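The structure under discussion appears below in the form of structure tokens.
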Amino acid sequence: MKQVKPNLMNFLIDGAMFLAFLIATAPRFSGLAIHEWLSLALAATIVTHLLLHWQWIVAIGKRFFAKTTWRSRLNYLLNALLFVAFTVTIATGILISREALPFFGLTMTRDRTLELLHHQASDLTVLLLGLHVAIHWSWIVGMVRRILPQRRLLRKPVVATSRLEEVQQ
């Protein structure tokens with residue numbers, strides 16, 4: 001069996017996380033049950049994502065105040081904020097769950113403060129994820145170009161002819 005290249009694996013996991021996030025972010029369209037269960041699956045995928053990038057996290061963390069590029073520092077800070085926002089969103093989502101938690105026989109009293117915090121953290125996550133995608137846009141486009149087959153247009157060579165030559169033929 002052919003081994004999947006690390007960049008392709010990262011791209012596929014990131015793409016699946018992004019798609020799951022888009023669906024989970026719209027519980028009015030997907031329904032509350034799908035929102036909650038998909039969010040729990042997304043939490044597990046985020047842990048996988050972090051483990052796959054753990055060496056980068058440690059390396060940049062050690063060099064954060066030493067010699068590294070401003071882009072790496074910005075990316076590290078953005079990722080740290082994204083992690084905190086995701087964590088707060090998922091933790092409060094679990095605590096206010098009306099579908100997944102009761103499935104396991106657990107119920108919590110309804111807490112408007114937790115609901116508000118969940119919505120605010122979710123909104124912040126959307127903003128930070130947008131910035132994350134923007135920073136990595138060239139990598140995303142490059143991966144899409146590598147994955148999708150290039151369509152080459154077959155063109156006949158155009159030969160310039162004069163109107164007089166056309167009439168004579």
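Letters A, B, ... mark the chains of the structure tokens in the order given; residue numbers begin at 1 per chain; ligand numbers begin at 1, in order shown.
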If you run DSSP on this backbone, which residues of segment 45-123 of chain A come out as helix (DSSP H, G or I), and could you give them as a PDB file with C-alpha atoms, in the first residue's frame?
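And here is the file that came out, states.pdb:
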ATOM      1  CA  THR A  45      -9.768  15.697  15.002  1.00  0.00           C
ATOM      2  CA  ILE A  46      -8.252  18.855  16.506  1.00  0.00           C
ATOM      3  CA  VAL A  47      -6.317  16.696  18.969  1.00  0.00           C
ATOM      4  CA  THR A  48      -5.041  14.634  16.002  1.00  0.00           C
ATOM      5  CA  HIS A  49      -4.094  17.836  14.187  1.00  0.00           C
ATOM      6  CA  LEU A  50      -2.148  19.075  17.210  1.00  0.00           C
ATOM      7  CA  LEU A  51      -0.320  15.762  17.576  1.00  0.00           C
ATOM      8  CA  LEU A  52       0.666  15.816  13.892  1.00  0.00           C
ATOM      9  CA  TRP A  54       3.517  18.845  17.799  1.00  0.00           C
ATOM     10  CA  GLN A  55       7.173  19.118  16.677  1.00  0.00           C
ATOM     11  CA  TRP A  56       6.437  22.487  15.032  1.00  0.00           C
ATOM     12  CA  ILE A  57       4.570  23.688  18.144  1.00  0.00           C
ATOM     13  CA  VAL A  58       7.513  22.786  20.407  1.00  0.00           C
ATOM     14  CA  ALA A  59      10.176  24.126  18.018  1.00  0.00           C
ATOM     15  CA  ILE A  60       8.534  27.512  17.494  1.00  0.00           C
ATOM     16  CA  GLY A  61       7.590  27.699  21.178  1.00  0.00           C
ATOM     17  CA  LYS A  62      11.270  27.332  22.129  1.00  0.00           C
ATOM     18  CA  ARG A  63      12.374  29.939  19.572  1.00  0.00           C
ATOM     19  CA  TRP A  70       7.758  37.363  12.381  1.00  0.00           C
ATOM     20  CA  ARG A  71       5.495  35.139  10.272  1.00  0.00           C
ATOM     21  CA  SER A  72       6.227  32.148  12.532  1.00  0.00           C
ATOM     22  CA  ARG A  73       5.526  34.245  15.635  1.00  0.00           C
ATOM     23  CA  LEU A  74       2.255  35.540  14.165  1.00  0.00           C
ATOM     24  CA  ASN A  75       1.229  32.031  13.105  1.00  0.00           C
ATOM     25  CA  TYR A  76       2.092  30.665  16.558  1.00  0.00           C
ATOM     26  CA  LEU A  77       0.082  33.384  18.350  1.00  0.00           C
ATOM     27  CA  LEU A  78      -2.859  32.957  15.995  1.00  0.00           C
ATOM     28  CA  ASN A  79      -2.810  29.176  16.490  1.00  0.00           C
ATOM     29  CA  ALA A  80      -2.603  29.584  20.277  1.00  0.00           C
ATOM     30  CA  LEU A  81      -5.612  31.931  20.248  1.00  0.00           C
ATOM     31  CA  LEU A  82      -7.454  29.568  17.916  1.00  0.00           C
ATOM     32  CA  PHE A  83      -6.764  26.677  20.280  1.00  0.00           C
ATOM     33  CA  VAL A  84      -8.079  28.641  23.273  1.00  0.00           C
ATOM     34  CA  ALA A  85     -11.191  29.765  21.368  1.00  0.00           C
ATOM     35  CA  PHE A  86     -11.851  26.205  20.132  1.00  0.00           C
ATOM     36  CA  THR A  87     -11.322  24.795  23.619  1.00  0.00           C
ATOM     37  CA  VAL A  88     -13.729  27.278  25.223  1.00  0.00           C
ATOM     38  CA  THR A  89     -16.277  26.660  22.449  1.00  0.00           C
ATOM     39  CA  ILE A  90     -16.099  22.884  22.831  1.00  0.00           C
ATOM     40  CA  ALA A  91     -16.005  22.889  26.646  1.00  0.00           C
ATOM     41  CA  THR A  92     -19.001  25.214  26.954  1.00  0.00           C
ATOM     42  CA  GLY A  93     -20.756  23.291  24.194  1.00  0.00           C
ATOM     43  CA  ILE A  94     -20.387  20.081  26.179  1.00  0.00           C
ATOM     44  CA  LEU A  95     -21.676  21.777  29.316  1.00  0.00           C
ATOM     45  CA  ALA A 100     -25.015  14.409  23.195  1.00  0.00           C
ATOM     46  CA  LEU A 101     -24.701  14.690  26.987  1.00  0.00           C
ATOM     47  CA  PRO A 102     -28.205  13.345  27.693  1.00  0.00           C
ATOM     48  CA  PHE A 103     -27.377  10.392  25.430  1.00  0.00           C
ATOM     49  CA  ARG A 112     -27.459  31.433  29.942  1.00  0.00           C
ATOM     50  CA  THR A 113     -23.945  32.591  30.864  1.00  0.00           C
ATOM     51  CA  LEU A 114     -22.422  29.411  29.431  1.00  0.00           C
ATOM     52  CA  GLU A 115     -24.603  29.733  26.319  1.00  0.00           C
ATOM     53  CA  LEU A 116     -23.459  33.322  25.814  1.00  0.00           C
ATOM     54  CA  LEU A 117     -19.811  32.354  26.339  1.00  0.00           C
ATOM     55  CA  HIS A 118     -20.270  29.462  23.889  1.00  0.00           C
ATOM     56  CA  HIS A 119     -21.651  31.789  21.198  1.00  0.00           C
ATOM     57  CA  GLN A 120     -18.979  34.428  21.737  1.00  0.00           C
ATOM     58  CA  ALA A 121     -16.157  31.867  21.674  1.00  0.00           C
ATOM     59  CA  SER A 122     -17.661  30.348  18.542  1.00  0.00           C
ATOM     60  CA  ASP A 123     -17.786  33.760  16.830  1.00  0.00           C
TER      61      ASP A 123
END
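The residue set within 9 Å of segment 141-149 of chain A, counting only C-alpha atoms and dropping same-chain residues fewer than 5 places from it, reads Asn7, Leu8, Phe11 and His136 of chain A.
In this comparison, which uses only C-alpha atoms, the residue of A:Thr68, A:Thr125, A:Ser97, A:Thr107 approaching Glu36 of chain A most closely is A:Ser97.
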Margin query: Here is a test: counting only C-alpha atoms, which residue of A:Leu129, A:Ile23, A:Ala41, A:Ile96 is nearest to Asp111 of chain A?
Written below: A:Ile96
Item checked: Interatomic distance (Å, one decimal) between atom CA of Leu42 of chain A and atom CA of Phe18 of chain A -> 9.1 Å
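In this model, the gap between atom CA of Leu12 of chain A and atom CA of Val133 of chain A comes to 14.3 Å.
The interatomic distance for the pair atom CA of Ala43 of chain A and atom CA of Thr25 of chain A works out to 13.3 Å.
With only C-alpha atoms as the atoms that count, the minimum distance from Ala44 of chain A to the choices A:Ile13, A:Lys67, A:Leu128, A:Met108 is reached by A:Ile13.
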